[in-house]
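Worksheet: one structure, shown below.
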Amino acid sequence: MSDSAAETVEQTGSEHVSGSDGYPEEYRLLELTPEIAAQLDADTTFVVRGRDTDSAVLIDATEQAYAMHTAHTSNSMYLLTRDNGQLTLRTKLHQVFDLQPTRPQVRARVLEVLKWDTRGAFRGTEFEHEGVTDESVTNGVRVTDTVLDQHVQAGHAHVRRVLDDVLAFRHNATGHWRVLDAGYACDLLRIILATHVERDWPLDALRADTVYSALHAESPHILPEVVDAVLRRFATEHEGVFAMDTRRVCVFLAEQIFASSGSRAWPVPEFLRALRATMPPQLTLDVDMDAWNSRSISTSVVGKLAVATSAPADEHLLHSPNGVPASLTLLLPVDNNTLPQDTRARMRDLFAVKSKWTAREMRPFLEDLVADESAVAKAVDSWLLKFGRGVRGTNGESVYTSRIN
């Protein structure tokens with residue numbers, strides 16, 4: 001109710017409005033989007049997530065996230081309720097919450113929270129007491145579902161997908177989330193694949209309980225939830241059946257190769273030799289060298305892990321129609337987990353990695369900042385126009401350098 005409407009009620013005397021000075025009861029109005037309004041029923045649950053220092057995010061029943069922005073109204077609004085036939089003035093409002101679709105940085109926050117557990121990565125129950133001091137046990141945070149809810153701005157299904165991707169598992173006995181050691185996970189993967197050969201399991205129809213029973217018979221210390229975490233990371237799951245995914249394995253092994261060498265550039269032939277050397281023999285790595293030239297890197301298994309560059313003598317070929325051949329292409333690692341969440345700061349860091357980018361090359365490293373996945377290309381183009389200077393390359397693509405000071 002606006003000021004003028006309130007005055008009309010008082011002047012006509014048709015209704016008596018009671019209320020105390022100062023409007024002690026606090027209320028907030030939320031302007032619903034059509035999508036959220038359509039979900040309203042008795043069984044629908046909406047949650048608001050975020051730390052005190054975060055901008056609040058509302059998660060709807062479909063796990064879509066909405067940023068809650070304060071919008072000021074031009075007129076005051078009065079919130080009235082009818083109690084025993086009498087109107088009661090609850091509060092006077094000058095603002096409402098406006099909802100805008102957003103894409104919170106869930107992966108970065110999940111990784112941050114998991115690192116609070118001072119025990120480090122899980123390498124097996126037999127190693128759990130190594131290097132653990134009384135101080136680390138006392139001061140370390142144990143990451144539970146409640147802790148994740150308090151700090152991660154996403155629904156449970158979204159958080160679970162991220163936990164699967166970062167090789168985390170929930171300890172059945174304690175309810176604590178832990179990250180698996182990468183080497184331990186690789187060892188378990190190799191054991192699973194070796195057992196698949198021994199027992200003639202189909203790689204596209206693995207069941208977690210069957211795999212665990214076989215591994216537990218040989219290694220009693222193995223936990224079923226750990227086996228499940230390894231399968232969820234390296235295989236796709238449908239109704240409890242897992243199909244080993246060679247691409248997922250390749251991406252994980254590529255991450256480990258890049259992490260082992262810091263920020264040095266990898267010649268494509270050398271990288272592929274390293275990838276072949278670490279690839280389990282039961283999985284086939286089909287490498288077509290034509291698919292590893294500089295123009296193809298953004299869509300390869302390392303598309304979100306590295307960007308293509310070359311020696312100075314071949315730099316003029318990077319943005320030519322055919323690009324730099326695979327034999328001369330260099331891979332510059334880019335760790336997405338350490339990139340800033342602010343758009344300007346992230347683009348500044350990307351231009352520091354490589355001075356010249358096309359929208360196609362930069363898109364994999366910016367898409368997580370866009371709320372609507374269908375609008376990624378448009379958003380990246382607008383950011384490059386805002387923060388970069390574009391020149392048309394010989395292949396027709398615009399090549400951008402930084403204009404950020």
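A note on labels: chains of the structure tokens are A, B, ... as shown, every chain counts residues from 1, and ligands are counted from 1 in their shown order.
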
Strand (DSSP E or B) call set, DSSP backbone run, stretch 176-334 of chain A, as a list in words: Trp177, Arg178, Val179, Leu180, Leu206, Arg207, Ala235, Thr236, Glu237, His238, Val241, Phe242, Ala243, Met244, Trp266, Pro267, Ala306, Val307, Ala308, Thr309, Ser310, Thr329, Leu330, Leu331, Leu332 and Pro333 of chain A

Just want the 10 Å neighbourhood of A:Arg403, counted on only C-alpha atoms, with same-chain residues fewer than 2 positions away dropped. Output as a PDB file with N, CA and C atoms, in the first residue's frame.
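Output saved as around.pdb:
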```
ATOM      1  N   ARG A 348      42.367  -9.903 -16.773  1.00  0.00           N
ATOM      2  CA  ARG A 348      43.717  -9.378 -16.580  1.00  0.00           C
ATOM      3  C   ARG A 348      44.705 -10.532 -16.410  1.00  0.00           C
ATOM      4  N   PHE A 351      45.217 -12.428 -19.760  1.00  0.00           N
ATOM      5  CA  PHE A 351      46.100 -11.691 -20.672  1.00  0.00           C
ATOM      6  C   PHE A 351      47.551 -11.737 -20.182  1.00  0.00           C
ATOM      7  N   LEU A 384      35.327  -9.021 -24.086  1.00  0.00           N
ATOM      8  CA  LEU A 384      36.517  -8.763 -24.891  1.00  0.00           C
ATOM      9  C   LEU A 384      36.474  -7.367 -25.506  1.00  0.00           C
ATOM     10  N   LEU A 385      35.288  -6.932 -25.895  1.00  0.00           N
ATOM     11  CA  LEU A 385      35.160  -5.570 -26.423  1.00  0.00           C
ATOM     12  C   LEU A 385      35.420  -4.532 -25.338  1.00  0.00           C
ATOM     13  N   LYS A 386      35.020  -4.863 -24.105  1.00  0.00           N
ATOM     14  CA  LYS A 386      35.178  -3.926 -22.997  1.00  0.00           C
ATOM     15  C   LYS A 386      36.603  -3.879 -22.485  1.00  0.00           C
ATOM     16  N   PHE A 387      37.247  -5.047 -22.365  1.00  0.00           N
ATOM     17  CA  PHE A 387      38.564  -5.116 -21.729  1.00  0.00           C
ATOM     18  C   PHE A 387      39.710  -5.378 -22.707  1.00  0.00           C
ATOM     19  N   GLY A 388      39.403  -5.530 -23.990  1.00  0.00           N
ATOM     20  CA  GLY A 388      40.443  -5.827 -24.964  1.00  0.00           C
ATOM     21  C   GLY A 388      40.370  -4.932 -26.196  1.00  0.00           C
ATOM     22  N   ARG A 389      41.414  -4.993 -26.995  1.00  0.00           N
ATOM     23  CA  ARG A 389      41.462  -4.301 -28.287  1.00  0.00           C
ATOM     24  C   ARG A 389      41.551  -5.365 -29.372  1.00  0.00           C
ATOM     25  N   GLY A 390      40.618  -5.344 -30.285  1.00  0.00           N
ATOM     26  CA  GLY A 390      40.541  -6.390 -31.294  1.00  0.00           C
ATOM     27  C   GLY A 390      41.091  -5.970 -32.648  1.00  0.00           C
ATOM     28  N   TYR A 400      42.517 -10.382 -29.758  1.00  0.00           N
ATOM     29  CA  TYR A 400      42.438  -9.316 -28.771  1.00  0.00           C
ATOM     30  C   TYR A 400      43.695  -9.240 -27.915  1.00  0.00           C
ATOM     31  N   THR A 401      44.114  -8.001 -27.633  1.00  0.00           N
ATOM     32  CA  THR A 401      45.127  -7.717 -26.631  1.00  0.00           C
ATOM     33  C   THR A 401      44.474  -6.935 -25.509  1.00  0.00           C
ATOM     34  N   ASN A 405      44.672  -1.668 -17.495  1.00  0.00           N
ATOM     35  CA  ASN A 405      45.887  -1.081 -16.933  1.00  0.00           C
ATOM     36  C   ASN A 405      46.376  -1.898 -15.746  1.00  0.00           C
TER      37      ASN A 405
END
```

Close residues, A:Lys356 itself excluded, 12 Å, only C-alpha atoms, min 2 positions apart in chain, as a ChimeraX atom specification: /A:307-310,315-316,318-319,347-348,350-354,358-362,384,388-393,397-403

Please identify all polymer residues within 12 Å of A:Glu126, counting only C-alpha atoms, omitting same-chain residues fewer than 4 positions from it, and present them as a compact mmCIF listing (two decimals) with all heavy atoms, in the first residue's frame.
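Written file, out.txt:
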```
# COMPACT_ATOMS: atom_id res chain seq x y z
N PHE A 122 43.00 -37.92 1.59
CA PHE A 122 42.87 -39.28 2.12
C PHE A 122 43.65 -40.25 1.24
O PHE A 122 43.44 -40.34 0.04
CB PHE A 122 41.39 -39.66 2.13
CG PHE A 122 41.09 -41.02 2.72
CD1 PHE A 122 40.94 -41.18 4.08
CD2 PHE A 122 40.95 -42.12 1.88
CE1 PHE A 122 40.65 -42.42 4.61
CE2 PHE A 122 40.67 -43.37 2.41
CZ PHE A 122 40.52 -43.53 3.78
N GLU A 130 49.22 -40.98 10.25
CA GLU A 130 50.56 -40.48 9.96
C GLU A 130 50.57 -38.96 9.95
O GLU A 130 49.75 -38.33 9.27
CB GLU A 130 51.03 -40.99 8.59
CG GLU A 130 51.49 -42.44 8.61
CD GLU A 130 52.18 -42.81 7.31
OE1 GLU A 130 52.37 -41.92 6.46
OE2 GLU A 130 52.52 -43.99 7.15
N SER A 219 42.01 -56.35 -0.52
CA SER A 219 42.52 -55.26 0.34
C SER A 219 41.42 -54.87 1.32
O SER A 219 40.58 -54.01 1.02
CB SER A 219 42.94 -54.06 -0.50
OG SER A 219 43.90 -54.43 -1.47
N PRO A 220 41.39 -55.49 2.51
CA PRO A 220 40.31 -55.24 3.48
C PRO A 220 40.20 -53.80 3.95
O PRO A 220 39.15 -53.41 4.49
CB PRO A 220 40.67 -56.17 4.65
CG PRO A 220 41.55 -57.22 4.06
CD PRO A 220 42.32 -56.52 2.97
N HIS A 221 41.25 -52.98 3.78
CA HIS A 221 41.20 -51.60 4.26
C HIS A 221 40.40 -50.68 3.34
O HIS A 221 40.06 -49.56 3.73
CB HIS A 221 42.63 -51.03 4.39
CG HIS A 221 43.44 -51.70 5.46
ND1 HIS A 221 43.08 -51.67 6.78
CD2 HIS A 221 44.58 -52.42 5.40
CE1 HIS A 221 43.97 -52.34 7.50
NE2 HIS A 221 44.90 -52.81 6.68
N ILE A 222 40.09 -51.11 2.12
CA ILE A 222 39.39 -50.25 1.17
C ILE A 222 37.96 -49.97 1.64
O ILE A 222 37.25 -50.89 2.07
CB ILE A 222 39.38 -50.88 -0.24
CG1 ILE A 222 40.79 -50.90 -0.82
CG2 ILE A 222 38.44 -50.14 -1.18
CD1 ILE A 222 40.88 -51.55 -2.19
N LEU A 223 37.55 -48.72 1.55
CA LEU A 223 36.21 -48.32 1.96
C LEU A 223 35.26 -48.32 0.76
O LEU A 223 35.63 -47.89 -0.33
CB LEU A 223 36.23 -46.92 2.57
CG LEU A 223 37.09 -46.73 3.82
CD1 LEU A 223 37.09 -45.25 4.23
CD2 LEU A 223 36.57 -47.58 4.96
```

Distance in Å - atom CA of A:Leu253 versus atom CA of A:Leu305: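 Computed distance, atom CA of A:Leu253 to atom CA of A:Leu305, equals 11.2 Å.
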